[in-house]
$ cat entry-v2.txt   # compact mmCIF, C-alpha atoms
# COMPACT_ATOMS: atom_id res chain seq x y z
CA MET A 1 -17.49 -29.53 -9.62
CA LYS A 2 -19.96 -30.78 -7.01
CA ASN A 3 -19.28 -27.70 -4.89
CA ILE A 4 -19.85 -25.38 -7.82
CA ASN A 5 -23.16 -27.12 -8.50
CA LYS A 6 -24.14 -26.74 -4.85
CA ILE A 7 -23.28 -23.04 -4.87
CA LEU A 8 -25.20 -22.53 -8.11
CA LEU A 9 -28.24 -24.38 -6.77
CA THR A 10 -28.18 -22.48 -3.48
CA THR A 11 -27.88 -19.16 -5.31
CA LEU A 12 -30.75 -20.06 -7.62
CA LEU A 13 -32.95 -21.17 -4.74
CA ALA A 14 -32.13 -18.07 -2.71
CA GLY A 15 -32.80 -15.94 -5.77
CA SER A 16 -36.15 -17.51 -6.46
CA THR A 17 -37.15 -17.16 -2.79
CA ILE A 18 -36.29 -13.46 -2.92
CA VAL A 19 -38.29 -12.99 -6.13
CA TYR A 20 -41.23 -14.90 -4.61
CA ALA A 21 -41.11 -12.89 -1.39
CA ASP A 22 -40.63 -9.67 -3.34
CA LEU A 23 -43.66 -10.17 -5.58
CA LEU A 24 -45.91 -10.96 -2.62
CA GLY A 25 -44.46 -8.03 -0.67
CA GLU A 26 -44.84 -5.71 -3.64
CA ALA A 27 -48.41 -6.84 -4.28
CA ALA A 28 -49.30 -6.26 -0.63
CA LYS A 29 -48.37 -2.59 -0.92
CA LEU A 30 -50.33 -1.88 -4.09
CA ASP A 31 -53.51 0.15 -4.18
CA VAL A 32 -55.49 -2.08 -6.55
CA LYS A 33 -58.00 0.56 -7.58
CA LYS A 34 -55.22 2.97 -8.54
CA VAL A 35 -52.88 0.61 -10.38
CA CYS A 36 -55.71 -1.14 -12.23
CA ASP A 37 -57.37 2.09 -13.35
CA VAL A 38 -57.33 1.94 -17.17
CA LYS A 39 -58.24 5.62 -17.63
CA ALA A 40 -55.36 6.79 -15.46
CA ASN A 41 -52.69 4.29 -16.55
CA GLY A 42 -53.65 3.10 -20.02
CA LEU A 43 -54.50 -0.41 -21.23
CA ASP A 44 -50.92 -1.54 -21.89
CA LYS A 45 -49.70 -0.72 -18.42
CA VAL A 46 -52.69 -2.31 -16.67
CA ILE A 47 -52.45 -5.59 -18.56
CA ALA A 48 -48.68 -5.61 -18.01
CA ILE A 49 -49.28 -5.40 -14.25
CA ALA A 50 -51.70 -8.35 -14.48
CA ALA A 51 -49.13 -10.32 -16.47
CA LYS A 52 -46.45 -9.54 -13.90
CA TYR A 53 -48.32 -10.77 -10.80
CA ASN A 54 -50.61 -13.54 -12.06
CA PRO A 55 -47.89 -16.16 -12.70
CA GLU A 56 -47.05 -15.92 -8.99
CA ALA A 57 -50.69 -16.66 -8.14
CA VAL A 58 -50.59 -19.65 -10.50
CA LYS A 59 -47.40 -20.91 -8.84
CA LEU A 60 -48.97 -20.63 -5.41
CA GLY A 61 -52.16 -22.41 -6.52
CA ILE A 62 -54.36 -19.40 -5.80
CA GLU A 63 -55.21 -18.13 -9.28
CA PHE A 64 -58.70 -16.68 -9.60
CA LYS A 65 -61.24 -18.18 -11.98
CA ARG A 66 -64.62 -16.64 -12.75
CA LEU A 67 -67.44 -18.39 -14.58
CA GLY A 68 -65.08 -20.84 -16.25
CA VAL A 69 -62.44 -18.28 -17.22
CA THR A 70 -59.05 -18.38 -15.48
CA ASN A 71 -57.17 -15.15 -14.98
CA SER A 72 -54.42 -16.46 -17.29
CA ASN A 73 -57.09 -16.68 -19.99
CA TYR A 74 -58.27 -13.10 -19.21
CA ILE A 75 -54.71 -11.81 -19.55
CA LYS A 76 -53.86 -13.71 -22.75
CA THR A 77 -57.09 -12.83 -24.53
CA THR A 78 -57.12 -9.20 -23.38
CA ALA A 79 -53.47 -8.67 -24.37
CA ALA A 80 -54.30 -10.00 -27.85
CA ALA A 81 -57.32 -7.69 -28.10
CA ILE A 82 -55.20 -4.68 -27.07
CA LYS A 83 -52.58 -5.58 -29.70
CA ASP A 84 -55.28 -5.82 -32.37
CA LYS A 85 -56.91 -2.59 -31.08
CA LYS A 86 -60.23 -4.34 -30.49
CA LYS A 87 -62.73 -2.69 -28.19
CA GLU A 88 -64.29 -5.99 -27.20
CA VAL A 89 -62.76 -9.15 -25.77
CA VAL A 90 -64.21 -12.59 -26.52
CA LEU A 91 -63.22 -15.00 -23.77
CA GLN A 92 -63.54 -18.65 -24.65
CA TYR A 93 -63.74 -21.44 -22.10
CA LYS A 94 -64.85 -25.04 -21.84
CA LYS A 95 -67.91 -26.16 -19.90
CA LYS A 96 -68.87 -29.83 -19.83
CA GLY A 97 -66.79 -30.43 -22.94
CA LYS A 98 -68.42 -27.62 -24.93
CA VAL A 99 -66.68 -24.40 -25.94
CA LYS A 100 -68.52 -21.35 -24.65
CA SER A 101 -67.73 -17.65 -24.79
CA GLN A 102 -68.24 -14.39 -22.94
CA LYS A 103 -67.93 -10.90 -24.38
CA MET A 104 -66.85 -7.79 -22.51
CA ALA A 105 -65.24 -4.40 -23.11
CA THR A 106 -61.45 -4.55 -23.37
CA ASP A 107 -61.05 -1.83 -20.71
CA TYR A 108 -63.16 -3.82 -18.31
CA ALA A 109 -61.38 -7.13 -19.01
CA ALA A 110 -57.96 -5.53 -18.48
CA SER A 111 -59.02 -3.96 -15.21
CA ARG A 112 -60.52 -7.25 -13.99
CA ALA A 113 -57.39 -9.22 -14.93
CA CYS A 114 -55.26 -6.72 -13.03
CA HIS A 115 -57.54 -6.80 -9.96
CA PHE A 116 -57.61 -10.60 -9.97
CA ALA A 117 -53.82 -10.96 -10.25
CA ILE A 118 -53.04 -8.60 -7.40
CA ARG A 119 -55.93 -9.50 -5.10
CA ALA A 120 -55.05 -13.21 -5.24
CA LEU A 121 -51.62 -12.39 -3.78
CA GLN A 122 -52.94 -9.85 -1.29
CA GLN A 123 -55.54 -12.34 -0.09
CA LYS A 124 -52.82 -14.92 0.43
CA ILE A 125 -51.04 -12.54 2.80
CA GLU A 126 -54.28 -11.53 4.53
CA ALA A 127 -55.26 -15.17 5.04
CA GLU A 128 -52.01 -15.82 6.94
CA LYS A 129 -53.31 -13.41 9.58
CA THR A 130 -57.03 -14.14 9.45
CA TRP A 131 -57.56 -17.88 8.99
CA ARG A 132 -57.44 -18.74 12.68
CA MET A 133 -60.26 -16.28 13.33
CA SER A 134 -62.73 -18.77 11.88
CA VAL A 135 -61.51 -21.89 13.73
CA PRO A 136 -63.80 -23.01 16.59
CA GLY A 137 -61.72 -23.52 19.70
CA ASP A 138 -59.12 -21.08 18.39
CA GLY A 139 -59.88 -17.56 17.15
CA PHE A 140 -63.58 -18.01 16.40
CA LYS A 141 -65.82 -16.83 19.26
CA TYR A 142 -69.55 -17.38 19.36
CA MET B 1 -33.30 -62.62 33.83
CA LEU B 2 -32.70 -61.93 30.17
CA SER B 3 -36.28 -62.76 29.25
CA LYS B 4 -37.49 -60.29 31.93
CA VAL B 5 -35.30 -57.55 30.46
CA ALA B 6 -36.64 -58.34 26.98
CA LYS B 7 -40.25 -58.26 28.26
CA TYR B 8 -39.79 -54.92 30.02
CA SER B 9 -38.01 -53.42 27.00
CA ALA B 10 -40.87 -54.54 24.77
CA LEU B 11 -43.43 -53.09 27.17
CA ILE B 12 -41.56 -49.76 27.34
CA ALA B 13 -41.29 -49.68 23.53
CA ILE B 14 -45.03 -50.33 23.10
CA ALA B 15 -45.92 -47.76 25.77
CA SER B 16 -43.68 -45.08 24.25
CA THR B 17 -44.98 -45.78 20.74
CA SER B 18 -48.59 -45.39 21.85
CA LEU B 19 -47.65 -42.28 23.82
CA PHE B 20 -46.09 -40.71 20.74
CA ALA B 21 -49.03 -41.85 18.63
CA THR B 22 -51.45 -39.91 20.81
CA ASP B 23 -49.09 -36.96 20.99
CA PHE B 24 -49.34 -36.15 17.31
CA ASN B 25 -53.11 -35.81 17.32
CA ILE B 26 -53.48 -33.67 20.45
CA GLN B 27 -54.26 -30.51 18.48
CA ALA B 28 -56.46 -32.39 16.01
CA GLU B 29 -58.49 -33.83 18.88
CA LYS B 30 -58.87 -30.35 20.38
CA ASP B 31 -60.06 -29.08 16.99
CA ARG B 32 -62.52 -31.93 16.56
CA LYS B 33 -64.01 -31.53 20.03
CA ALA B 34 -64.31 -27.77 19.59
CA LEU B 35 -66.12 -28.32 16.28
CA VAL B 36 -68.53 -30.82 17.88
CA LYS B 37 -69.20 -28.33 20.71
CA TYR B 38 -69.84 -25.51 18.23
CA MET B 39 -72.21 -27.55 16.04
CA GLU B 40 -74.19 -28.84 19.02
CA ALA B 41 -74.43 -25.32 20.50
CA LYS B 42 -75.61 -23.97 17.16
CA PHE B 43 -78.42 -26.49 16.76
CA LYS B 44 -79.35 -26.74 20.45
CA ASP B 45 -82.18 -24.26 20.03
CA PRO B 46 -82.17 -22.34 16.72
CA VAL B 47 -84.99 -19.99 17.82
CA LYS B 48 -83.09 -18.92 20.92
CA ASN B 49 -79.71 -18.94 19.15
CA ARG B 50 -80.87 -16.89 16.20
CA SER B 51 -77.55 -15.03 16.00
CA PHE B 52 -76.29 -18.17 14.24
CA PHE B 53 -79.04 -17.81 11.64
CA PRO B 54 -79.39 -14.06 11.03
CA TYR B 55 -81.32 -14.37 7.77
CA SER B 56 -83.79 -17.08 8.78
CA THR B 57 -87.37 -16.26 9.61
CA GLU B 58 -88.94 -17.22 12.93
CA ASP B 59 -91.14 -19.74 11.11
CA GLU B 60 -88.14 -21.31 9.42
CA LEU B 61 -86.27 -21.69 12.67
CA LYS B 62 -89.29 -23.26 14.35
CA ASN B 63 -90.46 -25.53 11.57
CA THR B 64 -87.54 -26.30 9.31
CA ILE B 65 -84.38 -26.48 11.41
CA LYS B 66 -84.33 -29.32 13.91
CA LYS B 67 -83.76 -28.53 17.57
CA GLY B 68 -81.25 -30.36 19.77
CA VAL B 69 -79.26 -31.98 16.96
CA LYS B 70 -76.45 -34.23 18.22
CA ALA B 71 -73.12 -34.42 16.41
CA SER B 72 -73.69 -38.07 15.45
CA GLU B 73 -76.80 -37.06 13.46
CA LEU B 74 -74.61 -34.95 11.19
CA ALA B 75 -73.34 -38.12 9.51
CA LYS B 76 -76.42 -37.41 7.34
CA GLY B 77 -75.05 -33.97 6.50
CA SER B 78 -77.59 -31.16 6.33
CA TYR B 79 -80.41 -33.73 6.57
CA GLY B 80 -79.42 -34.00 10.23
CA TYR B 81 -81.11 -30.59 10.77
CA ASP B 82 -83.05 -29.68 7.62
CA MET B 83 -86.41 -31.29 8.44
CA LYS B 84 -88.14 -30.59 5.11
CA GLY B 85 -85.09 -31.62 3.15
CA ARG B 86 -84.97 -34.80 5.23
CA GLU B 87 -88.51 -35.74 4.14
CA GLN B 88 -87.50 -35.44 0.47
CA TYR B 89 -84.26 -37.32 1.18
CA ASP B 90 -86.17 -40.17 2.82
CA ASP B 91 -88.58 -40.30 -0.13
CA ILE B 92 -85.74 -40.57 -2.66
CA ASN B 93 -84.04 -43.19 -0.52
CA GLU B 94 -87.02 -45.51 -0.81
CA LEU B 95 -85.63 -46.35 -4.24
CA PRO B 96 -81.99 -45.24 -3.96
CA PRO B 97 -80.49 -44.33 -7.33
CA TYR B 98 -77.07 -45.64 -6.27
CA GLU B 99 -78.09 -49.26 -5.66
CA ASP B 100 -77.00 -50.50 -9.08
CA ALA B 101 -73.67 -48.77 -8.59
CA ILE B 102 -73.00 -50.83 -5.45
CA ASP B 103 -73.62 -54.04 -7.41
CA GLU B 104 -71.41 -52.83 -10.24
CA GLY B 105 -68.72 -51.92 -7.71
CA GLU B 106 -68.91 -55.40 -6.25
CA ALA B 107 -68.51 -56.92 -9.71
CA LEU B 108 -65.50 -54.68 -10.41
CA TYR B 109 -63.93 -55.91 -7.19
CA LYS B 110 -64.72 -59.58 -7.63
CA ASN B 111 -63.52 -59.65 -11.22
CA ASN B 112 -60.19 -58.02 -10.49
CA LYS B 113 -57.62 -60.16 -8.66
CA ALA B 114 -55.27 -57.22 -8.16
CA LEU B 115 -57.95 -55.27 -6.29
CA GLN B 116 -58.77 -58.29 -4.16
CA LYS B 117 -55.10 -58.67 -3.30
CA CYS B 118 -54.61 -54.98 -2.46
CA PHE B 119 -57.86 -54.77 -0.48
CA PRO B 120 -58.53 -58.14 1.14
CA LYS B 121 -61.06 -56.43 3.42
CA THR B 122 -63.81 -54.33 1.89
CA ASP B 123 -65.19 -52.49 4.94
CA ILE B 124 -62.36 -49.97 4.77
CA ALA B 125 -64.06 -46.66 3.89
CA GLY B 126 -63.43 -45.20 7.35
CA ASP B 127 -59.70 -45.97 7.32
CA TYR B 128 -58.86 -43.52 4.53
CA PRO B 129 -57.14 -41.15 4.02
CA TYR B 130 -54.03 -42.09 5.97
CA PHE B 131 -50.57 -40.59 6.05
CA ASP B 132 -47.87 -42.79 4.52
CA ASP B 133 -44.64 -41.97 6.34
CA LYS B 134 -42.46 -43.76 3.81
CA LYS B 135 -43.90 -41.83 0.88
CA GLY B 136 -44.34 -38.68 2.96
CA GLU B 137 -47.84 -38.03 1.66
CA VAL B 138 -51.52 -38.47 2.36
CA ILE B 139 -53.04 -41.50 0.63
CA THR B 140 -56.73 -41.31 -0.16
CA ILE B 141 -58.80 -44.37 -0.97
CA THR B 142 -58.96 -43.11 -4.57
CA GLN B 143 -55.18 -42.96 -4.81
CA ALA B 144 -54.80 -46.37 -3.14
CA ILE B 145 -57.13 -47.91 -5.75
CA ASN B 146 -55.29 -46.30 -8.66
CA ASP B 147 -51.86 -47.18 -7.24
CA CYS B 148 -53.05 -50.78 -6.95
CA LEU B 149 -54.25 -50.83 -10.56
CA VAL B 150 -51.05 -49.28 -11.90
CA ASP B 151 -48.85 -51.66 -9.88
CA ALA B 152 -50.76 -54.54 -11.49
CA GLY B 153 -50.10 -53.10 -14.94
CA GLN B 154 -53.65 -51.85 -15.39
CA LYS B 155 -54.87 -48.40 -16.45
CA LYS B 156 -55.76 -45.74 -13.86
CA TRP B 157 -59.42 -44.89 -13.41
CA ASN B 158 -61.00 -41.45 -13.53
CA ILE B 159 -60.83 -40.24 -9.93
CA LYS B 160 -64.16 -38.40 -10.02
CA LYS B 161 -66.78 -40.82 -11.26
CA GLY B 162 -67.46 -44.05 -13.14
CA LYS B 163 -65.64 -47.19 -12.00
CA MET B 164 -63.88 -45.39 -9.15
CA ALA B 165 -67.13 -44.09 -7.67
CA LYS B 166 -68.76 -47.51 -8.07
CA LEU B 167 -65.98 -49.39 -6.31
CA GLU B 168 -65.90 -46.78 -3.54
CA ALA B 169 -69.69 -47.14 -3.24
CA TYR B 170 -69.21 -50.87 -2.70
CA PHE B 171 -66.53 -50.25 -0.05
CA ALA B 172 -68.72 -47.64 1.67
CA HIS B 173 -71.71 -49.97 1.59
CA LYS B 174 -69.73 -52.82 3.15
CA SER B 175 -68.38 -50.43 5.80
CA LYS B 176 -71.88 -49.17 6.60
CA GLU B 177 -73.18 -52.73 6.78
CA ALA B 178 -70.40 -53.63 9.24
CA GLY B 179 -71.18 -50.57 11.38
CA LYS B 180 -67.72 -49.12 10.76
CA LYS B 181 -66.75 -45.66 11.90
CA VAL B 182 -64.37 -43.03 10.58
CA ASP B 183 -60.97 -43.85 12.07
CA ILE B 184 -58.30 -41.45 10.86
CA LYS B 185 -54.90 -41.60 12.51
CA ILE B 186 -52.16 -39.04 12.94
CA ASN B 187 -49.13 -41.08 13.92
CA SER B 188 -46.13 -38.92 13.12
CA LYS B 189 -44.84 -35.38 13.01
CA ALA B 190 -45.10 -35.36 9.22
CA ALA B 191 -48.73 -36.54 9.43
CA GLU B 192 -49.47 -33.81 11.95
CA GLU B 193 -47.95 -31.22 9.61
CA ALA B 194 -50.07 -32.50 6.71
CA TYR B 195 -53.17 -32.24 8.93
CA GLU B 196 -52.24 -28.67 9.91
CA ARG B 197 -51.73 -27.65 6.27
CA GLY B 198 -55.10 -29.15 5.39
CA LYS B 199 -56.73 -27.28 8.26
CA LYS B 200 -55.13 -23.98 7.27
CA ALA B 201 -56.24 -24.45 3.66
CA TYR B 202 -59.80 -25.24 4.83
CA TYR B 203 -60.08 -22.08 6.92
CA SER B 204 -58.28 -19.68 4.52
CA GLN B 205 -60.31 -17.33 2.37
CA ARG B 206 -59.63 -17.82 -1.33
CA GLY B 207 -60.82 -17.03 -4.83
CA TYR B 208 -62.44 -13.88 -6.16
CA LEU B 209 -65.41 -14.49 -3.86
CA LYS B 210 -63.07 -14.51 -0.85
CA LEU B 211 -64.73 -17.55 0.66
CA SER B 212 -63.14 -20.23 2.77
CA CYS B 213 -64.52 -23.77 2.96
CA ALA B 214 -65.48 -22.90 6.55
CA THR B 215 -67.54 -19.88 5.45
CA CYS B 216 -70.14 -22.30 4.11
CA HIS B 217 -69.57 -25.47 6.13
CA VAL B 218 -68.64 -24.22 9.63
CA GLN B 219 -70.04 -20.72 10.17
CA GLY B 220 -72.47 -21.24 7.25
CA ALA B 221 -73.73 -24.72 8.20
CA GLY B 222 -77.50 -24.49 8.56
CA LYS B 223 -77.75 -21.15 6.76
CA ARG B 224 -79.89 -21.13 3.67
CA VAL B 225 -78.68 -20.44 0.13
CA ARG B 226 -81.76 -20.13 -2.04
CA ALA B 227 -83.81 -23.19 -1.08
CA GLU B 228 -80.97 -25.30 0.35
CA TYR B 229 -79.36 -25.45 3.76
CA MET B 230 -75.61 -25.63 3.73
CA SER B 231 -74.08 -28.82 5.05
CA PRO B 232 -71.71 -29.12 8.04
CA LEU B 233 -68.00 -29.97 7.99
CA LEU B 234 -68.73 -32.46 10.76
CA GLY B 235 -69.80 -35.64 8.98
CA HIS B 236 -68.86 -34.40 5.50
CA THR B 237 -66.74 -37.38 4.57
CA THR B 238 -68.97 -40.09 6.10
CA HIS B 239 -71.38 -40.50 3.20
CA PHE B 240 -69.28 -40.42 0.02
CA PRO B 241 -69.44 -41.34 -2.77
CA VAL B 242 -72.77 -39.61 -3.33
CA TYR B 243 -75.34 -39.67 -6.09
CA ARG B 244 -75.95 -35.95 -6.66
CA LEU B 245 -79.14 -34.97 -8.41
CA LYS B 246 -77.18 -32.10 -9.98
CA TRP B 247 -74.67 -34.55 -11.47
CA ASN B 248 -77.27 -37.19 -12.25
CA SER B 249 -74.57 -39.68 -11.35
CA LEU B 250 -72.39 -40.96 -8.56
CA GLY B 251 -69.28 -38.96 -7.69
CA THR B 252 -66.31 -39.16 -5.34
CA LEU B 253 -65.15 -36.76 -2.66
CA GLU B 254 -62.47 -35.60 -5.08
CA ARG B 255 -65.15 -34.55 -7.57
CA ARG B 256 -67.01 -32.63 -4.90
CA ILE B 257 -63.97 -30.89 -3.47
CA GLU B 258 -62.92 -29.66 -6.93
CA GLY B 259 -66.43 -28.28 -7.38
CA CYS B 260 -66.37 -26.52 -4.03
CA ASN B 261 -62.95 -25.02 -4.74
CA LYS B 262 -64.24 -23.76 -8.11
CA ASP B 263 -67.30 -22.26 -6.41
CA GLU B 264 -64.96 -20.18 -4.24
CA GLY B 265 -63.78 -18.46 -7.43
CA GLU B 266 -60.41 -20.17 -7.64
CA ASN B 267 -58.86 -22.18 -10.44
CA PRO B 268 -59.49 -25.47 -8.62
CA HIS B 269 -56.78 -27.73 -7.31
CA LYS B 270 -56.98 -31.20 -8.83
CA GLY B 271 -58.62 -33.81 -6.61
CA SER B 272 -55.37 -35.77 -6.67
CA SER B 273 -53.19 -32.79 -5.67
CA LYS B 274 -51.31 -32.54 -2.39
CA TRP B 275 -53.57 -29.60 -1.46
CA ALA B 276 -56.79 -31.56 -1.96
CA LYS B 277 -55.49 -34.69 -0.24
CA GLU B 278 -54.41 -32.72 2.83
CA VAL B 279 -57.74 -30.89 2.99
CA LEU B 280 -59.48 -34.29 2.83
CA TYR B 281 -57.19 -35.60 5.58
CA PHE B 282 -58.24 -32.71 7.83
CA MET B 283 -61.93 -33.06 6.91
CA SER B 284 -61.91 -36.79 7.54
CA TYR B 285 -60.23 -36.38 10.93
CA MET B 286 -63.01 -33.99 11.94
CA SER B 287 -65.50 -36.84 11.35
CA ASN B 288 -63.55 -39.33 13.47
CA GLY B 289 -65.82 -41.65 15.42
CA MET B 290 -68.85 -41.00 13.19
CA THR B 291 -70.61 -43.88 11.49
CA ILE B 292 -69.96 -44.51 7.80
CA ASP B 293 -73.18 -43.70 5.97
CA GLY B 294 -72.31 -44.04 2.30
CA PRO B 295 -73.08 -44.22 -0.47
CA ASP B 296 -75.82 -41.67 -0.26
CA ILE B 297 -77.81 -39.11 -2.20
CA ARG B 298 -77.45 -35.35 -2.21
CA LYS B 299 -79.08 -32.61 -4.22
$ encode --input "entry-v2.txt" --output "structure tokens"
Amino acid sequence: MKNINKILLTTLLAGSTIVYADLLGEAAKLDVKKVCDVKANGLDKVIAIAAKYNPEAVKLGIEFKRLGVTNSNYIKTTAAAIKDKKKEVVLQYKKKGKVKSQKMATDYAASRACHFAIRALQQKIEAEKTWRMSVPGDGFKY
Amino acid sequence: MLSKVAKYSALIAIASTSLFATDFNIQAEKDRKALVKYMEAKFKDPVKNRSFFPYSTEDELKNTIKKGVKASELAKGSYGYDMKGREQYDDINELPPYEDAIDEGEALYKNNKALQKCFPKTDIAGDYPYFDDKKGEVITITQAINDCLVDAGQKKWNIKKGKMAKLEAYFAHKSKEAGKKVDIKINSKAAEEAYERGKKAYYSQRGYLKLSCATCHVQGAGKRVRAEYMSPLLGHTTHFPVYRLKWNSLGTLERRIEGCNKDEGENPHKGSSKWAKEVLYFMSYMSNGMTIDGPDIRK
């Protein structure tokens, strides 16, 4: 029984590592402007791409947040607006205990959510190669 | 004969322990010295070294940024080089807005037996964070205080402000009074790894603005953003908790680091997270040997 548990756990861990590596690898290859283009791909597809990659950014602790709005919030609110066929998205967020809101076009919100989800992952990969370039005594020359 | 063997064995054990202890911070020491060298080179002569300050005017470099700044002066943060800012800072410090907080922190300490038992000495601000090998994690002073309270069956405090900031202000004040210096140790492989993760996080670009902490506080230190000069990594942890005019209250390092992380355009890591604690461990090591100068005021 113990052995079966071990095998199951190892398989699960290996599986999740592959998925993790795959999503980062996949994101690295994407042309953000192309895949997040609402006119070319349609709203549903663009927000689906955001929803696919953003959870990975959340897991890695690198999710983007702009003016109080997390990308998870962008995705959730934009997806609801698309479902209800609304042309405008109202993003709500908390600032100093008060609820505030921002309005923007649904197309724009979907494109931003998609950009944010993919760029967070791409940046993670880029940073692996670039971070030492800013360390005095290492890669940073002055 | 036996006593000689025991003596020699003890000596060898002590020598090897101290050897290993220095081994684990070799890279950190290199990093710290390189940072000191960079900061001193940058502020040696701002007019001559204007490539460090591409957007500053000649007048600004001559009359606002101090020449020949030594690393030790950066315990005051940007007021080590921002001459006009320093005048305002000195004015505000004539009647420091954090004075009451120190007294309140002292009362919190003296009225709480558990805190007195956990922290028999109060001049301890420079000894945190440290790496706890048994727990396998970095322990900040904030966490140590909350762990102490919880172990005594008391409620945790908010890690950003209020009682926590007041007690830390008292500890910082006592440390400053005693002339204590930042003294962060890296005594094991695991501690070294935590330091390296903190360093990597500090220098990695993040958020939708693609900024790293270093963009502002290493390469950006001394550059102007609107009317303010950005502060240096060197000396960053020496003066906390701080009374920020923006907050209109006293806040901890955890509060500040969450704010900085948010300003990079990232959903910020909690001040109590492993990420934040390891970044603080790295930052504090960079200030090793600098005098504790807290609590203090910042804009």
$ closest_residue --input "entry-v2.txt" --among "A:Ile62, A:Ala81, A:Val99, A:Ala51" --to "Gln122 in chain A" --atoms "all atoms listed in the file"
A:Ile62
$ interface_residues --input "entry-v2.txt" --of "chain B" --to "chain A" --cutoff "10 Å" --atoms "only C-alpha atoms" --output "MDAnalysis selection string"
chainID B and resid 30:39 41:42 51:52 199:210 212 214:215 218:219 262:269 275
$ closest_residue --input "entry-v2.txt" --among "A:Ile47, A:Val89, A:Met104, A:Ala80" --to "Val35 in chain A" --atoms "all atoms listed in the file"
A:Ile47
$ residues_around --input "entry-v2.txt" --residues "range 109-125 of chain B" --least-positions-apart "4" --cutoff "6 Å" --atoms "only C-alpha atoms" --output "list in words"
Phe171, Ala172, Lys174 and Ser175 of chain B
$ atom_distance --input "entry-v2.txt" --atom1 "CA of Glu73 in chain B" --atom2 "CA of Lys48 in chain B"
20.6 Å
$ closest_residue --input "entry-v2.txt" --among "B:Tyr130, B:Gly105, B:Lys135, B:Ile145" --to "Leu167 in chain B" --atoms "all atoms listed in the file"
B:Gly105
$ closest_residue --input "entry-v2.txt" --among "A:Asn73, A:Leu23, A:Ala79, A:Gln102" --to "Lys52 in chain A" --atoms "only C-alpha atoms"
A:Leu23
$ atom_distance --input "entry-v2.txt" --atom1 "CA of Lys96 in chain A" --atom2 "CA of Val150 in chain B"
27.5 Å
$ residues_around --input "entry-v2.txt" --residues "Thr237 in chain B" --least-positions-apart "3" --cutoff "9 Å" --atoms "all atoms listed in the file" --output "list in words"
Ala75, Gly126, Val182, Leu233, Leu234, Phe240, Pro241, Leu253, Leu280, Met283, Ser284, Met286, Ser287, Ile292 and Gly294 of chain B
